[in-house]
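Asks: Contents of start.txt (compact mmCIF, C-alpha atoms) are below:
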```txt
# COMPACT_ATOMS: atom_id res chain seq x y z
CA MET B 1308 -6.11 -4.11 33.02
CA ASP B 1309 -9.41 -2.35 33.76
CA ILE B 1310 -8.00 0.88 32.39
CA ILE B 1311 -6.98 -0.85 29.17
CA LEU B 1312 -10.36 -2.55 28.73
CA ASN B 1313 -12.17 0.67 29.49
CA GLN B 1314 -10.04 2.55 26.97
CA PHE B 1315 -10.10 0.07 24.08
CA LEU B 1316 -13.08 -2.25 24.61
CA ASN B 1317 -15.73 -0.12 26.26
CA PHE B 1318 -18.92 -1.80 25.06
CA GLU B 1319 -21.15 0.98 26.37
CA ILE B 1320 -19.38 3.50 24.16
CA MET B 1321 -19.27 1.06 21.25
CA GLN B 1322 -23.02 0.64 21.50
CA LYS B 1323 -23.52 4.40 21.55
CA VAL B 1324 -21.38 5.07 18.46
CA TRP B 1325 -22.60 1.99 16.56
CA PRO B 1326 -25.10 3.88 14.32
CA LEU B 1327 -22.49 6.53 13.46
CA LEU B 1328 -19.91 3.92 12.55
CA LEU B 1329 -22.42 1.87 10.60
CA ARG B 1330 -23.09 4.95 8.48
CA GLY B 1331 -19.33 5.37 8.06
CA LEU B 1332 -19.03 1.74 7.00
CA GLY B 1333 -21.80 2.29 4.45
CA THR B 1334 -19.92 5.30 3.05
CA THR B 1335 -16.69 3.28 2.87
CA LEU B 1336 -18.52 0.53 0.98
CA TRP B 1337 -20.07 2.84 -1.61
CA LEU B 1338 -16.73 4.60 -1.99
CA CYS B 1339 -15.26 1.15 -2.81
CA VAL B 1340 -18.09 0.55 -5.29
CA ILE B 1341 -16.99 3.73 -7.08
CA VAL B 1342 -13.20 3.50 -6.92
CA ILE B 1343 -12.64 -0.23 -7.54
CA PRO B 1344 -14.43 -0.35 -10.94
CA LEU B 1345 -12.79 2.99 -11.86
CA GLY B 1346 -9.39 1.48 -11.07
CA LEU B 1347 -10.12 -1.79 -12.87
CA VAL B 1348 -11.17 0.03 -16.05
CA GLY B 1349 -8.43 2.65 -15.79
CA GLY B 1350 -5.93 -0.14 -15.21
CA LEU B 1351 -7.02 -1.86 -18.39
CA VAL B 1352 -6.41 1.34 -20.34
CA ALA B 1353 -3.01 1.73 -18.64
CA ALA B 1354 -2.09 -1.88 -19.45
CA LEU B 1355 -3.06 -1.50 -23.11
CA ALA B 1356 -1.04 1.71 -23.34
CA THR B 1357 2.07 0.32 -21.63
CA THR B 1358 2.08 -2.81 -23.82
CA SER B 1359 1.37 -0.88 -27.04
CA VAL B 1360 3.62 -1.70 -30.00
CA ARG B 1361 3.90 2.02 -30.78
CA PRO B 1362 6.85 3.52 -28.85
CA TRP B 1363 5.28 7.01 -28.79
CA ILE B 1364 2.35 5.56 -26.83
CA ARG B 1365 4.29 3.01 -24.78
CA TRP B 1366 7.08 5.14 -23.28
CA PRO B 1367 5.01 8.16 -22.18
CA SER B 1368 2.44 5.85 -20.60
CA ILE B 1369 5.14 3.89 -18.74
CA ALA B 1370 6.44 7.24 -17.45
CA ILE B 1371 2.95 8.26 -16.29
CA VAL B 1372 2.36 4.91 -14.58
CA ASP B 1373 5.73 5.13 -12.78
CA PHE B 1374 4.97 8.71 -11.76
CA PHE B 1375 1.77 7.64 -10.02
CA ARG B 1376 3.40 4.56 -8.50
CA ALA B 1377 6.19 6.74 -7.07
CA ILE B 1378 4.01 9.37 -5.41
CA PRO B 1379 2.42 8.31 -2.11
CA PRO B 1380 -1.39 8.25 -2.47
CA LEU B 1381 -1.83 10.59 0.50
CA VAL B 1382 0.51 13.13 -1.13
CA LEU B 1383 -1.48 12.88 -4.36
CA LEU B 1384 -4.73 13.37 -2.46
CA VAL B 1385 -3.38 16.44 -0.62
CA LEU B 1386 -2.10 17.87 -3.92
CA LEU B 1387 -5.49 17.45 -5.55
CA TYR B 1388 -7.46 18.71 -2.56
CA SER B 1389 -5.28 21.57 -1.29
CA GLY B 1390 -3.01 22.26 -4.28
CA LEU B 1391 -5.47 22.50 -7.17
CA PRO B 1392 -7.55 25.31 -5.59
CA PHE B 1393 -4.50 27.55 -6.14
CA ALA B 1394 -4.99 26.97 -9.87
CA GLY B 1395 -8.65 27.89 -9.50
CA ILE B 1396 -9.89 24.29 -9.53
CA ARG B 1397 -11.77 23.48 -6.35
CA LEU B 1398 -12.64 19.81 -5.92
CA THR B 1399 -15.08 18.50 -3.34
CA PRO B 1400 -13.66 15.76 -1.07
CA ILE B 1401 -15.40 13.00 -3.05
CA GLN B 1402 -14.12 14.40 -6.37
CA ALA B 1403 -10.55 14.64 -5.03
CA VAL B 1404 -10.74 11.12 -3.60
CA ALA B 1405 -12.23 9.64 -6.79
CA LEU B 1406 -9.65 11.34 -9.03
CA GLY B 1407 -6.72 10.48 -6.73
CA PHE B 1408 -7.79 6.86 -6.51
CA LEU B 1409 -8.36 6.65 -10.28
CA LEU B 1410 -4.80 7.84 -10.94
CA ASN B 1411 -3.16 5.78 -8.19
CA THR B 1412 -5.02 2.48 -8.40
CA SER B 1413 -5.16 2.45 -12.21
CA SER B 1414 -1.37 2.44 -12.24
CA TYR B 1415 -1.20 -0.55 -9.91
CA TYR B 1416 -4.00 -2.50 -11.60
CA GLY B 1417 -2.40 -1.62 -14.94
CA GLU B 1418 0.91 -3.20 -13.94
CA ILE B 1419 -0.89 -6.37 -12.82
CA TYR B 1420 -2.90 -6.64 -16.06
CA ARG B 1421 0.32 -6.02 -17.99
CA ALA B 1422 2.04 -8.96 -16.28
CA GLY B 1423 -1.03 -11.05 -17.08
CA ILE B 1424 -1.16 -10.00 -20.74
CA GLU B 1425 2.55 -10.70 -21.14
CA SER B 1426 2.07 -14.18 -19.64
CA VAL B 1427 -0.27 -15.09 -22.54
CA GLY B 1428 1.86 -16.37 -25.40
CA ARG B 1429 2.25 -14.53 -28.67
CA GLY B 1430 0.98 -17.63 -30.46
CA GLN B 1431 -2.47 -17.15 -28.92
CA TRP B 1432 -2.73 -13.73 -30.56
CA GLU B 1433 -1.61 -15.07 -33.90
CA ALA B 1434 -3.87 -18.11 -33.80
CA ALA B 1435 -6.89 -16.03 -32.83
CA ARG B 1436 -6.23 -13.39 -35.47
CA SER B 1437 -5.71 -16.03 -38.15
CA THR B 1438 -9.18 -17.48 -37.46
CA GLY B 1439 -10.59 -14.11 -38.48
CA LEU B 1440 -11.17 -12.51 -35.06
CA THR B 1441 -10.55 -8.77 -35.00
CA TRP B 1442 -7.94 -7.30 -32.65
CA VAL B 1443 -10.64 -6.23 -30.20
CA GLN B 1444 -12.27 -9.67 -30.24
CA THR B 1445 -8.92 -11.39 -29.78
CA PHE B 1446 -8.09 -9.21 -26.81
CA GLY B 1447 -11.53 -9.43 -25.21
CA PHE B 1448 -12.34 -13.11 -25.77
CA VAL B 1449 -8.93 -14.81 -25.92
CA VAL B 1450 -6.18 -12.87 -24.21
CA LEU B 1451 -7.90 -10.98 -21.38
CA PRO B 1452 -9.70 -13.97 -19.81
CA GLN B 1453 -6.44 -15.94 -19.61
CA ALA B 1454 -4.49 -12.90 -18.44
CA VAL B 1455 -6.97 -12.25 -15.62
CA ARG B 1456 -6.93 -15.89 -14.56
CA ASN B 1457 -3.14 -15.87 -14.37
CA VAL B 1458 -2.96 -12.81 -12.15
CA LEU B 1459 -6.17 -13.27 -10.15
CA PRO B 1460 -4.42 -13.45 -6.73
CA ASP B 1461 -2.60 -10.20 -7.47
CA LEU B 1462 -5.83 -8.52 -8.61
CA ILE B 1463 -7.62 -9.54 -5.41
CA SER B 1464 -4.63 -8.59 -3.29
CA ASN B 1465 -4.54 -5.14 -4.90
CA THR B 1466 -8.28 -4.77 -4.35
CA ILE B 1467 -7.67 -5.40 -0.62
CA GLU B 1468 -5.10 -2.61 -0.73
CA VAL B 1469 -7.62 -0.29 -2.40
CA VAL B 1470 -10.24 -0.96 0.28
CA LYS B 1471 -7.61 -0.30 2.98
CA LEU B 1472 -6.54 2.85 1.14
CA THR B 1473 -10.05 4.35 1.33
CA SER B 1474 -9.17 5.15 4.97
CA ILE B 1475 -6.93 8.03 3.81
CA ALA B 1476 -10.05 9.82 2.55
CA SER B 1477 -10.57 10.71 6.22
CA VAL B 1478 -7.68 13.20 5.87
CA VAL B 1479 -9.79 15.37 3.53
CA SER B 1480 -12.82 15.06 5.86
CA PHE B 1481 -14.65 12.53 3.74
CA PRO B 1482 -17.06 10.89 6.23
CA GLU B 1483 -16.04 7.25 5.70
CA LEU B 1484 -15.47 4.63 8.42
CA LEU B 1485 -12.18 5.90 9.87
CA TYR B 1486 -13.39 9.52 9.82
CA SER B 1487 -16.54 8.54 11.71
CA ALA B 1488 -14.50 6.55 14.23
CA GLU B 1489 -12.08 9.43 14.77
CA MET B 1490 -14.98 11.81 15.25
CA ALA B 1491 -16.50 9.44 17.82
CA ARG B 1492 -13.10 9.12 19.54
CA SER B 1493 -12.68 12.87 19.87
CA LEU B 1494 -16.22 13.19 21.26
CA THR B 1495 -15.93 10.36 23.80
CA PHE B 1496 -12.21 10.70 24.68
CA ASN B 1497 -12.04 6.93 24.29
CA SER B 1498 -10.40 4.70 21.69
CA SER B 1499 -13.13 2.06 21.63
CA PRO B 1500 -14.78 3.54 18.51
CA VAL B 1501 -11.52 3.13 16.57
CA VAL B 1502 -11.23 -0.45 17.82
CA LEU B 1503 -14.79 -1.05 16.64
CA ALA B 1504 -13.88 0.42 13.24
CA ALA B 1505 -10.84 -1.89 13.13
CA PHE B 1506 -13.14 -4.87 13.73
CA MET B 1507 -15.37 -3.67 10.88
CA TYR B 1508 -12.38 -3.46 8.53
CA LEU B 1509 -11.33 -6.95 9.67
CA ALA B 1510 -14.82 -8.30 9.05
CA ILE B 1511 -14.64 -7.17 5.41
CA LEU B 1512 -10.99 -7.86 4.70
CA TRP B 1513 -9.99 -10.91 6.72
CA PRO B 1514 -11.90 -13.35 4.46
CA LEU B 1515 -10.27 -11.75 1.41
CA VAL B 1516 -6.78 -11.96 2.96
CA ARG B 1517 -7.36 -15.68 3.68
CA LEU B 1518 -8.62 -16.20 0.13
CA VAL B 1519 -5.51 -14.59 -1.35
CA SER B 1520 -3.22 -16.71 0.85
CA ARG B 1521 -4.99 -19.84 -0.33
CA LEU B 1522 -4.92 -18.86 -4.02
CA GLU B 1523 -1.22 -17.96 -3.81
CA ARG B 1524 -0.36 -21.26 -2.16
CA ARG B 1525 -2.31 -23.19 -4.78
CA ILE B 1526 -0.43 -21.48 -7.59
CA ALA B 1527 2.95 -21.95 -5.87
CA SER B 1528 2.44 -25.70 -5.40
CA MET Y 362 0.85 39.16 -15.69
CA THR Y 363 0.57 36.40 -18.25
CA ASN Y 364 -1.00 33.09 -17.32
CA TRP Y 365 2.39 31.42 -17.31
CA GLU Y 366 3.80 33.98 -14.87
CA ARG Y 367 0.78 33.57 -12.65
CA PHE Y 368 1.26 29.80 -12.72
CA LEU Y 369 4.92 30.14 -11.69
CA GLU Y 370 4.01 32.65 -8.99
CA THR Y 371 1.51 30.21 -7.50
CA PHE Y 372 3.28 26.88 -7.80
CA PHE Y 373 7.02 27.68 -8.13
CA LYS Y 374 7.58 31.06 -6.48
CA PRO Y 375 11.36 31.64 -6.33
CA GLU Y 376 11.39 33.28 -2.85
CA MET Y 377 9.44 30.34 -1.45
CA LEU Y 378 11.76 27.84 -3.08
CA VAL Y 379 14.73 29.56 -1.43
CA LYS Y 380 13.01 29.98 1.92
CA TYR Y 381 11.57 26.50 2.32
CA TRP Y 382 14.02 24.12 0.75
CA PRO Y 383 15.86 23.57 4.06
CA ASP Y 384 12.56 22.52 5.67
CA ILE Y 385 11.74 20.12 2.86
CA LEU Y 386 15.27 18.73 3.08
CA LYS Y 387 14.77 18.15 6.81
CA GLY Y 388 11.61 16.27 5.89
CA VAL Y 389 13.55 14.19 3.39
CA ALA Y 390 16.03 13.25 6.12
CA VAL Y 391 13.21 12.16 8.46
CA THR Y 392 11.52 10.16 5.68
CA LEU Y 393 14.80 8.41 4.86
CA GLU Y 394 15.54 7.61 8.53
CA LEU Y 395 12.05 6.21 8.96
CA ALA Y 396 12.25 4.19 5.76
CA ALA Y 397 15.59 2.67 6.74
CA ALA Y 398 14.40 1.84 10.26
CA VAL Y 399 11.13 0.32 9.00
CA ILE Y 400 12.83 -1.78 6.31
CA VAL Y 401 15.46 -3.20 8.67
CA THR Y 402 13.02 -3.90 11.52
CA GLY Y 403 10.33 -5.26 9.21
CA PHE Y 404 12.64 -7.64 7.33
CA VAL Y 405 14.34 -8.96 10.48
CA MET Y 406 10.98 -9.52 12.23
CA GLY Y 407 9.41 -11.05 9.14
CA LEU Y 408 12.30 -13.43 8.54
CA GLY Y 409 12.42 -14.32 12.24
CA LEU Y 410 8.70 -15.10 12.36
CA ALA Y 411 8.88 -17.19 9.16
CA CYS Y 412 11.78 -19.25 10.63
CA LEU Y 413 9.98 -19.65 13.95
CA ARG Y 414 6.90 -20.86 12.05
CA ALA Y 415 9.02 -23.52 10.32
CA TYR Y 416 9.59 -25.27 13.68
CA GLY Y 417 5.86 -25.97 13.83
CA PHE Y 418 4.95 -25.16 17.45
CA ARG Y 419 1.15 -25.17 17.29
CA VAL Y 420 0.41 -22.38 19.76
CA ILE Y 421 3.15 -20.07 18.48
CA ASN Y 422 2.08 -20.61 14.89
CA ALA Y 423 -1.51 -19.71 15.70
CA PHE Y 424 -0.28 -16.42 17.16
CA ILE Y 425 1.92 -15.76 14.12
CA ILE Y 426 -0.97 -16.39 11.72
CA VAL Y 427 -3.32 -14.09 13.63
CA PHE Y 428 -0.64 -11.36 13.83
CA VAL Y 429 0.10 -11.62 10.11
CA ASP Y 430 -3.55 -11.64 9.05
CA VAL Y 431 -4.52 -8.71 11.25
CA PHE Y 432 -1.66 -6.53 10.05
CA ARG Y 433 -2.35 -7.46 6.44
CA ALA Y 434 -6.08 -6.74 6.71
CA LEU Y 435 -6.12 -3.48 8.70
CA PRO Y 436 -5.46 -0.12 7.01
CA PRO Y 437 -2.16 1.23 8.43
CA LEU Y 438 -3.75 4.61 9.15
CA VAL Y 439 -6.28 2.93 11.47
CA ILE Y 440 -3.48 1.23 13.45
CA ILE Y 441 -1.42 4.44 13.57
CA LEU Y 442 -4.31 6.50 14.97
CA LEU Y 443 -5.29 3.75 17.39
CA VAL Y 444 -1.78 3.46 18.82
CA TYR Y 445 -0.98 7.17 18.81
CA PHE Y 446 -4.18 8.39 20.46
CA GLY Y 447 -5.04 5.25 22.44
CA LEU Y 448 -1.83 4.41 24.30
CA PRO Y 449 -1.39 7.75 26.14
CA ASN Y 450 -4.75 7.14 27.84
CA VAL Y 451 -3.39 3.95 29.43
CA GLY Y 452 -0.20 5.68 30.50
CA ILE Y 453 2.12 4.83 27.61
CA ASN Y 454 3.50 7.87 25.85
CA LEU Y 455 5.36 7.19 22.63
CA PRO Y 456 6.67 9.95 20.37
CA SER Y 457 4.97 10.09 16.98
CA PHE Y 458 8.15 8.99 15.18
CA ALA Y 459 8.30 5.82 17.29
CA VAL Y 460 4.60 5.07 16.70
CA LEU Y 461 4.98 5.37 12.93
CA TRP Y 462 8.18 3.29 12.97
CA LEU Y 463 6.61 0.51 15.06
CA VAL Y 464 3.34 0.32 13.15
CA LEU Y 465 4.90 0.33 9.66
CA SER Y 466 7.54 -2.19 10.81
CA PHE Y 467 4.81 -4.54 12.04
CA VAL Y 468 2.91 -4.16 8.76
CA LEU Y 469 6.05 -4.89 6.73
CA ALA Y 470 6.92 -7.79 9.05
CA ALA Y 471 3.49 -9.32 8.43
CA PHE Y 472 3.84 -9.16 4.65
CA ALA Y 473 7.50 -10.26 4.76
CA GLU Y 474 6.60 -13.26 6.95
CA GLU Y 475 4.01 -14.41 4.42
CA ILE Y 476 6.44 -14.01 1.52
CA PHE Y 477 9.34 -15.79 3.26
CA TRP Y 478 7.00 -18.49 4.52
CA ALA Y 479 5.72 -19.07 0.97
CA GLY Y 480 9.37 -19.43 -0.08
CA ILE Y 481 10.11 -21.90 2.73
CA THR Y 482 7.09 -24.07 1.89
CA ALA Y 483 7.97 -23.92 -1.83
CA THR Y 484 11.26 -25.72 -1.15
CA PRO Y 485 10.78 -29.38 -2.17
CA LYS Y 486 10.62 -31.93 0.65
CA GLY Y 487 13.47 -33.89 -0.92
CA GLN Y 488 15.87 -31.06 -0.20
CA TRP Y 489 14.99 -31.14 3.49
CA GLU Y 490 15.45 -34.90 3.59
CA ALA Y 491 18.71 -34.83 1.65
CA ALA Y 492 20.14 -32.12 3.91
CA ARG Y 493 19.05 -33.88 7.10
CA SER Y 494 20.48 -37.21 5.92
CA THR Y 495 23.92 -35.62 5.46
CA GLY Y 496 23.85 -34.90 9.18
CA LEU Y 497 22.72 -31.26 9.19
CA THR Y 498 20.40 -30.37 12.05
CA PHE Y 499 16.95 -28.93 11.38
CA SER Y 500 18.21 -25.40 12.07
CA GLN Y 501 21.27 -25.84 9.87
CA THR Y 502 19.09 -27.10 7.02
CA LEU Y 503 16.78 -24.14 7.43
CA VAL Y 504 19.57 -21.56 7.48
CA HIS Y 505 22.00 -23.01 4.93
CA VAL Y 506 19.74 -24.82 2.46
CA VAL Y 507 16.17 -23.54 2.58
CA LEU Y 508 16.46 -19.85 3.45
CA PRO Y 509 18.86 -18.87 0.64
CA GLN Y 510 16.32 -20.22 -1.87
CA ALA Y 511 13.30 -18.85 -0.02
CA ILE Y 512 14.81 -15.37 0.11
CA ARG Y 513 15.61 -15.45 -3.60
CA ILE Y 514 12.02 -16.36 -4.46
CA GLY Y 515 10.83 -13.58 -2.18
CA VAL Y 516 12.90 -10.77 -3.68
CA ALA Y 517 10.45 -9.67 -6.39
CA PRO Y 518 7.20 -9.66 -4.38
CA LEU Y 519 9.00 -8.19 -1.39
CA THR Y 520 10.41 -5.29 -3.40
CA ASN Y 521 6.98 -4.02 -4.41
CA ARG Y 522 5.57 -4.45 -0.93
CA THR Y 523 8.53 -2.62 0.58
CA ILE Y 524 8.11 0.32 -1.82
CA ALA Y 525 4.42 0.55 -0.95
CA ILE Y 526 5.04 0.47 2.79
CA THR Y 527 7.91 2.98 2.60
CA LYS Y 528 5.56 5.36 0.78
CA ASN Y 529 3.22 5.01 3.76
CA THR Y 530 5.67 7.10 5.81
CA ALA Y 531 3.58 10.00 4.40
CA LEU Y 532 0.79 8.86 6.75
CA GLY Y 533 2.98 10.17 9.58
CA THR Y 534 1.84 13.68 8.74
CA VAL Y 535 -1.51 12.88 10.35
CA ILE Y 536 0.16 12.40 13.77
CA GLY Y 537 2.70 15.19 13.22
CA VAL Y 538 5.86 13.31 12.26
CA PRO Y 539 7.94 16.02 10.56
CA GLU Y 540 8.48 14.07 7.33
CA ILE Y 541 8.23 15.52 3.80
CA LEU Y 542 4.46 15.85 3.50
CA ASN Y 543 4.21 17.32 6.97
CA GLN Y 544 6.88 19.95 6.28
CA ALA Y 545 5.21 20.79 2.96
CA THR Y 546 1.66 21.20 4.34
CA THR Y 547 2.95 23.18 7.33
CA ALA Y 548 4.84 25.59 5.06
CA GLN Y 549 1.85 25.81 2.75
CA SER Y 550 -0.51 26.81 5.55
CA PHE Y 551 1.95 29.50 6.68
CA THR Y 552 2.44 30.97 3.22
CA GLY Y 553 -0.91 30.43 1.55
CA ASN Y 554 1.04 29.43 -1.55
CA ALA Y 555 1.23 26.08 -3.31
CA THR Y 556 5.01 26.17 -3.82
CA PRO Y 557 5.96 24.14 -0.70
CA LEU Y 558 3.43 21.49 -1.69
CA MET Y 559 5.01 21.19 -5.14
CA MET Y 560 8.46 20.99 -3.57
CA GLY Y 561 7.26 18.15 -1.35
CA ALA Y 562 5.77 16.29 -4.31
CA ILE Y 563 9.02 16.71 -6.25
CA ALA Y 564 11.02 15.44 -3.25
CA TYR Y 565 8.89 12.27 -3.21
CA LEU Y 566 9.37 11.81 -6.95
CA VAL Y 567 13.14 12.24 -6.65
CA LEU Y 568 13.21 9.63 -3.88
CA PHE Y 569 10.78 7.10 -5.30
CA VAL Y 570 10.95 7.21 -9.11
CA PRO Y 571 14.44 5.58 -9.11
CA ILE Y 572 13.19 2.97 -6.61
CA VAL Y 573 10.12 2.20 -8.74
CA ILE Y 574 12.35 1.79 -11.81
CA LEU Y 575 14.74 -0.38 -9.77
CA GLY Y 576 11.74 -2.44 -8.67
CA ARG Y 577 10.76 -2.95 -12.32
CA TRP Y 578 14.28 -4.21 -13.03
CA ILE Y 579 14.34 -6.54 -9.99
CA GLU Y 580 10.96 -7.93 -11.04
CA THR Y 581 12.29 -9.05 -14.43
CA ARG Y 582 15.66 -10.10 -12.99
CA PHE Y 583 14.26 -12.32 -10.23
CA ALA Y 584 10.99 -13.19 -11.95
CA TRP Y 585 9.66 -16.65 -11.27
CA ARG Y 586 7.08 -17.10 -13.95
CA ARG Y 587 3.71 -17.96 -12.57
CA ALA Y 588 1.39 -20.23 -14.52
```
Represent the structure from my file as structure tokens, please.
Replies:
Amino acid sequence: MDIILNQFLNFEIMQKVWPLLLRGLGTTLWLCVIVIPLGLVGGLVAALATTSVRPWIRWPSIAIVDFFRAIPPLVLLVLLYSGLPFAGIRLTPIQAVALGFLLNTSSYYGEIYRAGIESVGRGQWEAARSTGLTWVQTFGFVVLPQAVRNVLPDLISNTIEVVKLTSIASVVSFPELLYSAEMARSLTFNSSPVVLAAFMYLAILWPLVRLVSRLERRIAS
Amino acid sequence: MTNWERFLETFFKPEMLVKYWPDILKGVAVTLELAAAVIVTGFVMGLGLACLRAYGFRVINAFIIVFVDVFRALPPLVIILLVYFGLPNVGINLPSFAVLWLVLSFVLAAFAEEIFWAGITATPKGQWEAARSTGLTFSQTLVHVVLPQAIRIGVAPLTNRTIAITKNTALGTVIGVPEILNQATTAQSFTGNATPLMMGAIAYLVLFVPIVILGRWIETRFAWRRA
């Protein structure tokens, strides 16, 4: 038991690595501040393209979205970070992470928006247009607010996934929370820093997970 | 050399394709084995936990809820690294394949439990009462009346979650599981050429594009319209 506590819950070590991990947590948070809005906006573009009435826009964009939903995000990140330099394009870790996340998360957010847009009846479009609203106004003021409300649990749930996904940035040496914890682990030969990082992830994400459960149950009942 | 030739030489070099396709294929086999093991274990555990939760033992349910929440909230890579590098120091040595299998199974079990549980609670109370009044026991009602409906409701959300978690087998490369990405990056570092990487990416696309399209179909087929 002592060995286990010493290995996973060594408070002395946790105290020592606390500043390092706090910096990592800060980096994770600002990475989220970059990639979540990018994904939300990119997703909107993807949703508009995949619901377009023009087949020459709709089908290619569905193919692109499926492409990025089929490729594991880590594979995409490795391709961007270690594959592109062969074509003479050298991305910094943050550029590779931002681009990889934009492509991956936009596809997922796009599918969620699409489900939401399709859940808003055709009659809403027609009614709004007939009152003289332009297409953009109809979409922005009538359809999108209802669409977002209908798929809010899925949007939040996907956002949780995006925050969790930021941990793969550690693979390209981006100094976020998991990278800092791994560095601390290899310096101290002790897993307590990673446990501490896990608690930090839980502190951010547990409330959101609970919120999603509650929202989903409310909609189901 | 034209630009096009240079592009082919860098990303699709014929000698490399010939030399490394057996390695990539080996990676595909490992990825498929892992995916099958994770899906079976995750579903069985998830369904088991959801059924257990239906019996309403307070203490057990508290444990189930904590388990589910923790595995839904933590990034899988954090758990993988924690288990893989932490356990040997307390005398438990698991091979990397087993670590990846266990962790991803637990993650899938957590999500599956929530989805099946949502299905169980969505079954109207009247059905429970009607089934019990015909003389079925609680367990019989659960298995023969409630679960078939709960599982049907769960199909669409579960499909997407399963695809996402199966794609996470790529995380195994970080702890040296010889799956597709691992084979590809190993070959790439030996050759200093991007061809193996492209082969790996194509292998993933061949595996997952049909599944993503299947998922799309299942979603419309089993859709239960929200709101």
Asks: With all atoms listed in the file as the counted atoms, please give the residues lying no more than 8 Å from stretch 1400-1410 of chain B, apart from itself and same-chain residues fewer than 3 positions off, as a PyMOL selection string.
Replies: chain B and resi 1341-1342+1345-1346+1349+1375+1380+1383-1384+1387-1388+1413-1414+1476+1479-1481
Asks: Output the selection as a compact mmCIF listing (two decimals), in the frame of the given file - C-alpha atoms for each residue.
Replies:
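Result file is selection36.txt:
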```
# COMPACT_ATOMS: atom_id res chain seq x y z
CA ILE B 1341 -16.99 3.73 -7.08
CA VAL B 1342 -13.20 3.50 -6.92
CA LEU B 1345 -12.79 2.99 -11.86
CA GLY B 1346 -9.39 1.48 -11.07
CA GLY B 1349 -8.43 2.65 -15.79
CA PHE B 1375 1.77 7.64 -10.02
CA PRO B 1380 -1.39 8.25 -2.47
CA LEU B 1383 -1.48 12.88 -4.36
CA LEU B 1384 -4.73 13.37 -2.46
CA LEU B 1387 -5.49 17.45 -5.55
CA TYR B 1388 -7.46 18.71 -2.56
CA SER B 1413 -5.16 2.45 -12.21
CA SER B 1414 -1.37 2.44 -12.24
CA ALA B 1476 -10.05 9.82 2.55
CA VAL B 1479 -9.79 15.37 3.53
CA SER B 1480 -12.82 15.06 5.86
CA PHE B 1481 -14.65 12.53 3.74
```
Asks: Identify every residue of chain B that has at least one atom within 7 Å of any atom of chain Y, counting only C-alpha atoms, and report the result as a short mmCIF file (atom, residue, chain, number, x, y, z; two decimals) with C-alpha atoms, keeping the file's coordinate frame.
Replies:
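Contents of result-v4.cif, freshly written:
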```
data_model
loop_
_atom_site.label_atom_id
_atom_site.label_comp_id
_atom_site.auth_asym_id
_atom_site.auth_seq_id
_atom_site.Cartn_x
_atom_site.Cartn_y
_atom_site.Cartn_z
CA ILE B 1310 -8.00 0.88 32.39
CA ILE B 1311 -6.98 -0.85 29.17
CA ASP B 1373 5.73 5.13 -12.78
CA PHE B 1374 4.97 8.71 -11.76
CA ALA B 1377 6.19 6.74 -7.07
CA ILE B 1378 4.01 9.37 -5.41
CA PRO B 1379 2.42 8.31 -2.11
CA LEU B 1381 -1.83 10.59 0.50
CA VAL B 1382 0.51 13.13 -1.13
CA LEU B 1386 -2.10 17.87 -3.92
CA GLY B 1390 -3.01 22.26 -4.28
CA PHE B 1393 -4.50 27.55 -6.14
CA ASN B 1457 -3.14 -15.87 -14.37
CA LYS B 1471 -7.61 -0.30 2.98
CA LEU B 1472 -6.54 2.85 1.14
CA SER B 1474 -9.17 5.15 4.97
CA LEU B 1485 -12.18 5.90 9.87
CA SER B 1498 -10.40 4.70 21.69
CA VAL B 1501 -11.52 3.13 16.57
CA ALA B 1505 -10.84 -1.89 13.13
CA TYR B 1508 -12.38 -3.46 8.53
CA LEU B 1509 -11.33 -6.95 9.67
CA LEU B 1512 -10.99 -7.86 4.70
CA TRP B 1513 -9.99 -10.91 6.72
CA VAL B 1516 -6.78 -11.96 2.96
CA ALA B 1527 2.95 -21.95 -5.87
CA SER B 1528 2.44 -25.70 -5.40
#
```
Asks: When you draw a straight line from atom CA of Y:Ala459 to atom CA of Y:Leu519, how long is it in Å?
Replies: 23.4 Å
Asks: Hey, can you check how far atom CA of B:Gln1314 sits from atom CA of B:Ala1504?
Replies: 14.4 Å
Asks: Please identify all polymer residues within 12 Å of stretch 1350-1363 of chain B, counting all atoms listed in the file, omitting same-chain residues fewer than 4 positions from it, and present them as a PyMOL selection string.
Replies: chain B and resi 1342-1346+1367-1373+1375+1408-1425+1443+1446-1447+1450-1451+1454-1455+1462+1465
Asks: May I ask which of the residues B:Leu1522, B:Val1502, B:Leu1515, B:Leu1459 is the closest one to B:Trp1325, counting only C-alpha atoms?
Replies: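 Looking only at the distances to B:Trp1325, the closest residue turns out to be B:Val1502.
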Asks: Atom CA of B:Ser1477 and atom CA of Y:Val538, how far apart in Å?
Replies: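 It comes out at 17.7 Å.
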Asks: Would you list the contacts of stretch 1327-1331 of chain B as a PyMOL selection string, taking every protein, DNA or RNA residue within 9 Å and counting all atoms listed in the file, but skipping same-chain residues closer than 3 positions in sequence?
Replies: chain B and resi 1323-1324+1334-1336+1482-1488+1491+1500+1503-1504+1507
